[in-house]
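Student: Pasting a structure here, questions to come.
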Amino acid sequence: KAGVTQTPRYLIKTRGQQVTLSCSPISGHRSVSWYQQTPGQGLQFLFEYFSETQRNKGNFPGRFSGRQFSNSRSEMNVSTLELGDSALYLCATSSGAGDTQYFGPGTRLTVL
Amino acid sequence: GESVGLHLPTLSVQEGDNSIINCAYSNSASDYFIWYKQESGKGPQFIIDIRSNMDKRQGQRVTVLLNKTVKHLSLQIAATQPGDSAVYFCAENRGNNAGNMLTFGGGTRLMVKP
């Protein structure tokens, strides 16, 4: 069974731009969660989607948004990029609530 | 505030020795804990998990112990190998009754000396 896929793997953007990241879950997984990882703040939860609905949300500004499609693939969008948005963005998928979450390799975003 | 935290940022062990990585949590309502391993340039890799109705769970060369009395979690790695060198995170699933939301500790870097 293929693992979690994230595209692109690397991105370089400038301040003020917006970016869209994609996550394809393990086959059969309907829950997709997004996390931000930085050296200073560690791993922080952004949001979770299940059946195209946002089910949990972390403490991030509204510039961070996401969505999920009917095939469970998910995208997250960051608008008006700031330098502090530079991070590794990870998605994790599971079959349901309280089930093991498996992570993808992440998208490394650099904001200049 | 409530948190999931780690006692040691770096742990250095000799190859073949056992390793113990600790984690403290403060939310007494926590009921599901997970250990992940993250190697450089990769996403976190699931190692083992434990629910609050258990005190101990074993996997291949790994054991997780849960002490609910003192809100403490530990990961034991037997016969540590160079391939075990990585950062280890404990995490707690704090999602609502219908969801997932992992809260991570700061991580412990395990260094295995040959």
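Identifiers for the structure tokens are assigned positionally: chains receive A, B, ... in sequence, residues are indexed from 1 per chain, and ligands are indexed from 1 in the order shown.
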What's around His29 in chain A at 9 Å? Count only C-alpha atoms, leave out sequence neighbours fewer than 2 positions away in its own chain, and write the answer as an NGL selection string.
Tutor: :A and (25-27 or 31-32 or 72 or 93-96)
Student: Hey, could you make a per-residue contact list for chain A against chain B with 10 Å as the cut-off, showing the nearest pair of atoms and its distance in Å to one decimal, counting only C-alpha atoms, sorted by chain and number, as JSON lines?
Tutor:
```
{"residue": "A:Val4", "atom": "CA", "partner": "B:Gly43", "partner_atom": "CA", "distance": 10.0}
{"residue": "A:Ser31", "atom": "CA", "partner": "B:Asn100", "partner_atom": "CA", "distance": 8.0}
{"residue": "A:Val32", "atom": "CA", "partner": "B:Asn100", "partner_atom": "CA", "distance": 8.9}
{"residue": "A:Ser33", "atom": "CA", "partner": "B:Asn100", "partner_atom": "CA", "distance": 7.6}
{"residue": "A:Trp34", "atom": "CA", "partner": "B:Met101", "partner_atom": "CA", "distance": 9.3}
{"residue": "A:Tyr35", "atom": "CA", "partner": "B:Leu102", "partner_atom": "CA", "distance": 8.9}
{"residue": "A:Gln37", "atom": "CA", "partner": "B:Gly43", "partner_atom": "CA", "distance": 10.0}
{"residue": "A:Pro39", "atom": "CA", "partner": "B:Gly106", "partner_atom": "CA", "distance": 9.5}
{"residue": "A:Gly40", "atom": "CA", "partner": "B:Gly106", "partner_atom": "CA", "distance": 9.6}
{"residue": "A:Gln41", "atom": "CA", "partner": "B:Gly106", "partner_atom": "CA", "distance": 8.3}
{"residue": "A:Gly42", "atom": "CA", "partner": "B:Gly106", "partner_atom": "CA", "distance": 6.1}
{"residue": "A:Leu43", "atom": "CA", "partner": "B:Phe104", "partner_atom": "CA", "distance": 6.1}
{"residue": "A:Gln44", "atom": "CA", "partner": "B:Thr103", "partner_atom": "CA", "distance": 7.0}
{"residue": "A:Phe45", "atom": "CA", "partner": "B:Leu102", "partner_atom": "CA", "distance": 6.5}
{"residue": "A:Leu46", "atom": "CA", "partner": "B:Met101", "partner_atom": "CA", "distance": 8.7}
{"residue": "A:Phe47", "atom": "CA", "partner": "B:Met101", "partner_atom": "CA", "distance": 7.7}
{"residue": "A:Glu48", "atom": "CA", "partner": "B:Asn100", "partner_atom": "CA", "distance": 6.8}
{"residue": "A:Tyr49", "atom": "CA", "partner": "B:Gly99", "partner_atom": "CA", "distance": 8.7}
{"residue": "A:Phe50", "atom": "CA", "partner": "B:Gly99", "partner_atom": "CA", "distance": 8.2}
{"residue": "A:Gln54", "atom": "CA", "partner": "B:Gly99", "partner_atom": "CA", "distance": 9.6}
{"residue": "A:Arg55", "atom": "CA", "partner": "B:Gly99", "partner_atom": "CA", "distance": 6.2}
{"residue": "A:Asn56", "atom": "CA", "partner": "B:Gly99", "partner_atom": "CA", "distance": 6.6}
{"residue": "A:Lys57", "atom": "CA", "partner": "B:Met101", "partner_atom": "CA", "distance": 8.2}
{"residue": "A:Gly58", "atom": "CA", "partner": "B:Met101", "partner_atom": "CA", "distance": 8.2}
{"residue": "A:Leu88", "atom": "CA", "partner": "B:Gly43", "partner_atom": "CA", "distance": 9.1}
{"residue": "A:Tyr89", "atom": "CA", "partner": "B:Gly43", "partner_atom": "CA", "distance": 9.4}
{"residue": "A:Leu90", "atom": "CA", "partner": "B:Gly43", "partner_atom": "CA", "distance": 7.0}
{"residue": "A:Cys91", "atom": "CA", "partner": "B:Gly43", "partner_atom": "CA", "distance": 8.8}
{"residue": "A:Ala92", "atom": "CA", "partner": "B:Pro44", "partner_atom": "CA", "distance": 9.2}
{"residue": "A:Thr93", "atom": "CA", "partner": "B:Asn100", "partner_atom": "CA", "distance": 9.5}
{"residue": "A:Ser94", "atom": "CA", "partner": "B:Asn100", "partner_atom": "CA", "distance": 8.7}
{"residue": "A:Gly96", "atom": "CA", "partner": "B:Gly99", "partner_atom": "CA", "distance": 7.4}
{"residue": "A:Ala97", "atom": "CA", "partner": "B:Gly99", "partner_atom": "CA", "distance": 4.5}
{"residue": "A:Gly98", "atom": "CA", "partner": "B:Asn100", "partner_atom": "CA", "distance": 6.1}
{"residue": "A:Asp99", "atom": "CA", "partner": "B:Asn100", "partner_atom": "CA", "distance": 8.1}
{"residue": "A:Thr100", "atom": "CA", "partner": "B:Phe46", "partner_atom": "CA", "distance": 7.9}
{"residue": "A:Gln101", "atom": "CA", "partner": "B:Phe46", "partner_atom": "CA", "distance": 7.6}
{"residue": "A:Tyr102", "atom": "CA", "partner": "B:Phe46", "partner_atom": "CA", "distance": 6.5}
{"residue": "A:Phe103", "atom": "CA", "partner": "B:Gly43", "partner_atom": "CA", "distance": 5.8}
{"residue": "A:Gly104", "atom": "CA", "partner": "B:Gly43", "partner_atom": "CA", "distance": 5.6}
{"residue": "A:Pro105", "atom": "CA", "partner": "B:Gly43", "partner_atom": "CA", "distance": 4.3}
{"residue": "A:Gly106", "atom": "CA", "partner": "B:Gly43", "partner_atom": "CA", "distance": 6.0}
{"residue": "A:Thr107", "atom": "CA", "partner": "B:Gly43", "partner_atom": "CA", "distance": 9.6}
{"residue": "A:Arg108", "atom": "CA", "partner": "B:Gly41", "partner_atom": "CA", "distance": 9.4}
```
Student: Determine which residues of chain B DSSP labels as strand (DSSP E) from the backbone of this structure, then write them out as an NGL selection string.
Tutor: :B and (4-6 or 10-14 or 19-25 or 32-38 or 45-51 or 56-58 or 62-67 or 72-77 or 86-93 or 102-104 or 108-113)
Student: List as a PDB file with N, CA and C atoms, in the first residue's frame the protein and nucleic acid residues near Pro8 in chain A, meaning an atom at most 10 Å away when only C-alpha atoms are counted, but skip any in the same chain fewer than 3 places from it.
Tutor:
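What landed in out-v9.pdb:
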```
ATOM      1  N   THR A   5       1.502  10.846   0.330  1.00  0.00           N
ATOM      2  CA  THR A   5       2.258  11.610  -0.669  1.00  0.00           C
ATOM      3  C   THR A   5       1.990  13.094  -0.493  1.00  0.00           C
ATOM      4  N   LEU A  11       9.500  24.313  -1.839  1.00  0.00           N
ATOM      5  CA  LEU A  11       8.931  25.526  -2.403  1.00  0.00           C
ATOM      6  C   LEU A  11       9.693  26.734  -1.888  1.00  0.00           C
ATOM      7  N   THR A  20      -0.072  26.845  -2.232  1.00  0.00           N
ATOM      8  CA  THR A  20      -0.978  25.720  -2.040  1.00  0.00           C
ATOM      9  C   THR A  20      -0.170  24.432  -1.996  1.00  0.00           C
ATOM     10  N   LEU A  21      -0.402  23.654  -0.950  1.00  0.00           N
ATOM     11  CA  LEU A  21       0.286  22.384  -0.771  1.00  0.00           C
ATOM     12  C   LEU A  21      -0.734  21.255  -0.876  1.00  0.00           C
ATOM     13  N   SER A  22      -0.291  20.111  -1.339  1.00  0.00           N
ATOM     14  CA  SER A  22      -1.200  19.003  -1.568  1.00  0.00           C
ATOM     15  C   SER A  22      -0.787  17.760  -0.787  1.00  0.00           C
ATOM     16  N   CYS A  23      -1.775  16.988  -0.383  1.00  0.00           N
ATOM     17  CA  CYS A  23      -1.542  15.748   0.362  1.00  0.00           C
ATOM     18  C   CYS A  23      -2.486  14.674  -0.158  1.00  0.00           C
ATOM     19  N   GLY A 106       6.523  15.542   3.948  1.00  0.00           N
ATOM     20  CA  GLY A 106       6.504  16.977   4.186  1.00  0.00           C
ATOM     21  C   GLY A 106       6.826  17.810   2.961  1.00  0.00           C
ATOM     22  N   THR A 107       6.414  19.066   3.030  1.00  0.00           N
ATOM     23  CA  THR A 107       6.781  20.084   2.030  1.00  0.00           C
ATOM     24  C   THR A 107       7.592  21.141   2.754  1.00  0.00           C
ATOM     25  N   ARG A 108       8.799  21.362   2.280  1.00  0.00           N
ATOM     26  CA  ARG A 108       9.666  22.385   2.880  1.00  0.00           C
ATOM     27  C   ARG A 108       9.388  23.709   2.193  1.00  0.00           C
ATOM     28  N   LEU A 109       8.802  24.658   2.929  1.00  0.00           N
ATOM     29  CA  LEU A 109       8.482  25.984   2.397  1.00  0.00           C
ATOM     30  C   LEU A 109       9.480  26.998   2.934  1.00  0.00           C
TER      31      LEU A 109
END
```
Student: Do you know which residues are at most 6 Å from range 63-76 of chain B counting only C-alpha atoms, after dropping those on the same chain fewer than 4 positions away, and could you put them as a ChimeraX atom specification?
Tutor: /B:19-25,55-58
Student: Need to verify the contact set: Thr80 in chain A, 6 Å, only C-alpha atoms, exclusion of same-chain residues closer than 4 positions in sequence. Can you return it as a PyMOL selection string?
Tutor: chain A and resi 16-18
Student: Hey, which of A:Ser86, A:Ser74, A:Thr110, A:Ser24 ends up closest to Gln36 in chain A? Count only C-alpha atoms.
Tutor: A:Ser86
Student: Find the residue from A:Val19, A:Ala2, A:Lys13, A:Gly62 that sits nearest to Asn77 in chain A; use only C-alpha atoms when measuring.
Tutor: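 Closest to Asn77 in chain A, using only C-alpha atoms: A:Val19.
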